[in-house]
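Heads up, the thing below is written out as structure tokens.
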Amino acid sequence: MSQKEARPHDHGLPAALYVISGASFAAALSARALDPVLPHVAEDFGVSIATAAGFAAVFAFTFSIIQPIVGAAADLFGKTRLMIGCLALLGLANILGALSTSFSLLFATRILAGIGSGGVFPVALSLTSDLVGPEKRQVAISRTLAGAMTGNLLGASASGLIGDFLGWRGVLAVLGVLVIVASIAVAAGFHGAKVQHPPKTSLSALKAGYRTIFTNPNAYVCYSAVFVEGCCVLGLFPYIASFLFDLGQTSLSIAGIVIAGFAVGGLFYTLTVSRLLPQLGVKGMMIAGMTLVASQLVAVAFGPRWEIQTLNLVVMGWGFYMAHGCLQVFASELSVEARATALSLHSFFFFMGQTVGPLAYGLGLQHAGKMSTLVASAVIMVVLGLVCATLLKQRAPADAR
């Protein structure tokens, strides 16, 4: 390898991270695509907002249940090929969703989209962890998150804008084409980047990897914590557009902007993590992050103007990723040989939380009201930050040698 090829990029981070970040961006475009247009989807198919919010739940549920399979497949057969194929599937699912003639058909396409998306992000995190040592891993993961956050930002804001002009079908059609084009571009980028992979594991090694993961006490804390995060934070998103409708703000573009605020906060985290981490430490990052999220949940409960709610979501996203980024690093250190499996399990529990979240919020909003439901979520987040800071400790993976 020449000196030029070996030269570090972005403060010692490898250039291949840009390709991985691009894959995360493409997958994230569709993650929140339907949230700003849910009121129109509900109207077209004659269902309630709570029923339409089931799209978010089924997407998250499908994403989560395939994670153990994705992680095993990535460790056994290779990561980049699986990631590119899943991007193509995600794009096709969006296009089929745009052509759906019934609620059940659209529901089925969101299942396919969940499968496609489920094969991208955890594998991207695993590739990032393979390329970068523990001392730089949180900063490296933040670069991968930047791609995902940008995709979330553009996906949510663009879907609201497109929805105002082309309707929800136009949203899915446009994003579907973009993701397919992106899958081709990412395939070309991986080929040129010559990403180096650790040796593919065997089935027996994979079983040993599961044992390694779950003999580490951090696994139980990490996986429980991301489940609660997904439920209390991401479970809120399908209801934001309806909250704005209740305030008389019926523009889908505005709903998209508000939801995109969360991704802006995530991007701000990626720009500040290298400065915050030395100052606060991991424990401080988790406590401060969860507390910021809790404060903004309470603020949203009061129903301020959409401009203020956008700022609330920005701060919420910043706080969320301060804590979540720490949990991702702990998950990446549960195993070396089965790192993709460990991170896929991380995504499994996170998206299971997002599956339960919309349903739990629906029950809470119906029976306890908006204020009580959001305040309860805020209290849970503060407690979660304290528990994580107390119980999570740096432990070398049992298979590190």
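Labeling convention for the structure tokens: chains A, B, ... as they appear, residues from 1 per chain, ligands from 1 in order of appearance.
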Closest atom pairs, segment 138-257 of chain A residues within 9 Å of segment 356-371 of chain A, only C-alpha atoms, as CSV:
```
residue,atom,partner,partner_atom,distance
A:Val228,CA,A:Gly357,CA,8.7
A:Gly230,CA,A:Gly357,CA,6.7
A:Cys231,CA,A:Gly357,CA,3.8
A:Cys232,CA,A:Gly357,CA,6.2
A:Val233,CA,A:Gly357,CA,7.9
A:Leu234,CA,A:Gly357,CA,7.0
A:Gly235,CA,A:Gly357,CA,3.9
A:Leu236,CA,A:Pro358,CA,6.4
A:Phe237,CA,A:Pro358,CA,8.0
A:Pro238,CA,A:Pro358,CA,6.9
A:Tyr239,CA,A:Pro358,CA,8.0
```
Would you save the residues of that selection, restricted to N, CA and C atoms, as a compact mmCIF listing (two decimals), in the first residue's frame?
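Dumped everything to again22.txt:
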```
# COMPACT_ATOMS: atom_id res chain seq x y z
N VAL A 228 -36.26 0.78 25.59
CA VAL A 228 -37.01 1.87 26.23
C VAL A 228 -36.88 3.16 25.43
N GLY A 230 -36.45 3.46 22.16
CA GLY A 230 -37.28 3.36 20.98
C GLY A 230 -38.75 3.58 21.29
N CYS A 231 -39.18 3.05 22.43
CA CYS A 231 -40.59 3.18 22.83
C CYS A 231 -40.94 4.62 23.19
N CYS A 232 -40.15 5.23 24.05
CA CYS A 232 -40.50 6.54 24.60
C CYS A 232 -40.21 7.70 23.66
N VAL A 233 -39.22 7.58 22.80
CA VAL A 233 -38.83 8.69 21.93
C VAL A 233 -39.36 8.50 20.52
N LEU A 234 -38.93 7.44 19.84
CA LEU A 234 -39.34 7.24 18.45
C LEU A 234 -40.81 6.86 18.33
N GLY A 235 -41.37 6.28 19.38
CA GLY A 235 -42.79 5.93 19.35
C GLY A 235 -43.70 7.14 19.27
N LEU A 236 -43.17 8.31 19.61
CA LEU A 236 -43.96 9.54 19.57
C LEU A 236 -44.17 10.06 18.15
N PHE A 237 -43.22 9.79 17.24
CA PHE A 237 -43.18 10.47 15.96
C PHE A 237 -44.45 10.33 15.09
N PRO A 238 -45.09 9.15 15.04
CA PRO A 238 -46.28 9.06 14.20
C PRO A 238 -47.43 9.97 14.64
N TYR A 239 -47.36 10.52 15.84
CA TYR A 239 -48.45 11.36 16.35
C TYR A 239 -48.16 12.86 16.23
```
Q. Running DSSP on the backbone, which parts of segment 166-318 of chain A land in alpha helix (DSSP H), as a PyMOL selection string?
A. chain A and resi 166-193+203-214+217-232+240-246+252-301+306-318
Q) Just how far from atom CA of Thr310 of chain A is atom CA of Tyr269 of chain A, in Å to one decimal? A)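 One can read the atom CA of Tyr269 of chain A to atom CA of Thr310 of chain A distance as 16.2 Å.
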Q.
Ranking A:Thr250, A:Ala156, A:Thr291, A:Ala340 by minimum distance to Leu29 of chain A and counting only C-alpha atoms, which one comes first?
A. A:Ala156
Q: Write out as a PyMOL selection string the residues lying within 7 Å of segment 325-332 of chain A, counting only C-alpha atoms and excluding same-chain residues fewer than 5 positions away.
A: chain A and resi 129+137-138+219+222+282+286+339+342-343+346
File of the preceding selection, N, CA, C and O atoms, as an mmCIF file, in the first residue's frame:
```cif
data_model
loop_
_atom_site.group_PDB
_atom_site.id
_atom_site.type_symbol
_atom_site.label_atom_id
_atom_site.label_comp_id
_atom_site.auth_asym_id
_atom_site.auth_seq_id
_atom_site.Cartn_x
_atom_site.Cartn_y
_atom_site.Cartn_z
ATOM 1 N N SER A 129 -17.234 -0.348 12.983
ATOM 2 C CA SER A 129 -16.506 -0.861 14.145
ATOM 3 C C SER A 129 -15.331 -1.745 13.733
ATOM 4 O O SER A 129 -14.303 -1.785 14.409
ATOM 5 N N ARG A 137 -13.884 4.884 18.170
ATOM 6 C CA ARG A 137 -15.098 4.286 17.617
ATOM 7 C C ARG A 137 -16.319 5.185 17.759
ATOM 8 O O ARG A 137 -17.143 5.258 16.853
ATOM 9 N N GLN A 138 -16.453 5.894 18.889
ATOM 10 C CA GLN A 138 -17.649 6.723 19.046
ATOM 11 C C GLN A 138 -17.672 7.861 18.039
ATOM 12 O O GLN A 138 -18.718 8.197 17.495
ATOM 13 N N ALA A 219 -24.599 -6.381 28.078
ATOM 14 C CA ALA A 219 -25.577 -6.709 27.041
ATOM 15 C C ALA A 219 -26.998 -6.466 27.533
ATOM 16 O O ALA A 219 -27.817 -5.882 26.820
ATOM 17 N N CYS A 222 -27.609 -2.624 27.884
ATOM 18 C CA CYS A 222 -27.658 -1.979 26.561
ATOM 19 C C CYS A 222 -28.967 -2.278 25.839
ATOM 20 O O CYS A 222 -29.643 -1.374 25.349
ATOM 21 N N VAL A 282 -18.383 9.318 29.301
ATOM 22 C CA VAL A 282 -19.494 8.484 28.845
ATOM 23 C C VAL A 282 -20.691 8.591 29.792
ATOM 24 O O VAL A 282 -21.837 8.747 29.356
ATOM 25 N N MET A 286 -24.536 10.142 28.869
ATOM 26 C CA MET A 286 -25.805 9.419 28.981
ATOM 27 C C MET A 286 -26.799 10.165 29.864
ATOM 28 O O MET A 286 -27.983 10.295 29.516
ATOM 29 N N ARG A 339 -19.394 -9.283 15.986
ATOM 30 C CA ARG A 339 -19.763 -7.882 16.177
ATOM 31 C C ARG A 339 -21.039 -7.520 15.412
ATOM 32 O O ARG A 339 -21.886 -6.786 15.915
ATOM 33 N N ALA A 342 -23.887 -8.714 17.439
ATOM 34 C CA ALA A 342 -24.123 -7.884 18.622
ATOM 35 C C ALA A 342 -24.840 -6.591 18.265
ATOM 36 O O ALA A 342 -25.781 -6.168 18.945
ATOM 37 N N LEU A 343 -24.421 -5.958 17.174
ATOM 38 C CA LEU A 343 -25.045 -4.700 16.772
ATOM 39 C C LEU A 343 -26.424 -4.919 16.151
ATOM 40 O O LEU A 343 -27.302 -4.063 16.249
ATOM 41 N N HIS A 346 -28.671 -5.159 18.988
ATOM 42 C CA HIS A 346 -28.899 -3.788 19.442
ATOM 43 C C HIS A 346 -30.052 -3.164 18.643
ATOM 44 O O HIS A 346 -30.985 -2.579 19.207
#
```
Q | Among the residues A:Gly261, A:Gly289, A:Gly97, A:Gly85, the one that comes closest to Val120 of chain A [using only C-alpha atoms] | A | A:Gly85
Q: Would you mind telling me which residue in A:Gln309, A:Glu333, A:Phe302, A:Leu38 lies nearest to Ser372 of chain A when using only C-alpha atoms?
A: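 Between A:Gln309, A:Glu333, A:Phe302, A:Leu38, the residue approaching Ser372 of chain A most closely is A:Phe302.
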Any chance you could tabulate, as a tab-separated table, the residues of segment 95-189 of chain A at most 12 Å from segment 61-84 of chain A with each one's nearest atom pair and distance in Å to one decimal, using only C-alpha atoms, in chain and rising number order?
```
residue	atom	partner	partner_atom	distance
A:Phe107	CA	A:Thr62	CA	11.3
A:Ala108	CA	A:Thr62	CA	10.5
A:Thr109	CA	A:Thr62	CA	11.0
A:Arg110	CA	A:Thr62	CA	8.5
A:Ile111	CA	A:Thr62	CA	5.8
A:Leu112	CA	A:Thr62	CA	8.0
A:Ala113	CA	A:Phe63	CA	8.3
A:Gly114	CA	A:Phe63	CA	4.6
A:Ile115	CA	A:Phe63	CA	5.5
A:Gly116	CA	A:Phe63	CA	8.0
A:Ser117	CA	A:Phe63	CA	6.7
A:Gly118	CA	A:Phe63	CA	4.6
A:Gly119	CA	A:Met83	CA	5.7
A:Val120	CA	A:Met83	CA	4.9
A:Phe121	CA	A:Met83	CA	8.3
A:Pro122	CA	A:Gly71	CA	7.9
A:Val123	CA	A:Lys79	CA	6.3
A:Ala124	CA	A:Met83	CA	7.8
A:Leu125	CA	A:Lys79	CA	10.6
A:Ser126	CA	A:Lys79	CA	8.5
A:Leu127	CA	A:Lys79	CA	7.5
A:Thr128	CA	A:Lys79	CA	11.2
A:Asp130	CA	A:Lys79	CA	11.0
A:Val179	CA	A:Ile84	CA	10.4
A:Ile180	CA	A:Ile84	CA	9.6
A:Val181	CA	A:Ile84	CA	11.1
A:Ala182	CA	A:Ile84	CA	9.3
A:Ser183	CA	A:Ile84	CA	5.7
A:Ile184	CA	A:Ile84	CA	7.9
A:Ala185	CA	A:Ile84	CA	9.6
A:Val186	CA	A:Ile84	CA	7.2
A:Ala187	CA	A:Ile84	CA	6.3
A:Ala188	CA	A:Ile84	CA	10.1
A:Gly189	CA	A:Thr80	CA	10.7
```
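If you measure from each of A:Val273, A:Val139, A:Val315, A:Val41 to Trp168 of chain A using only C-alpha atoms, the closest one turns out to be A:Val41.
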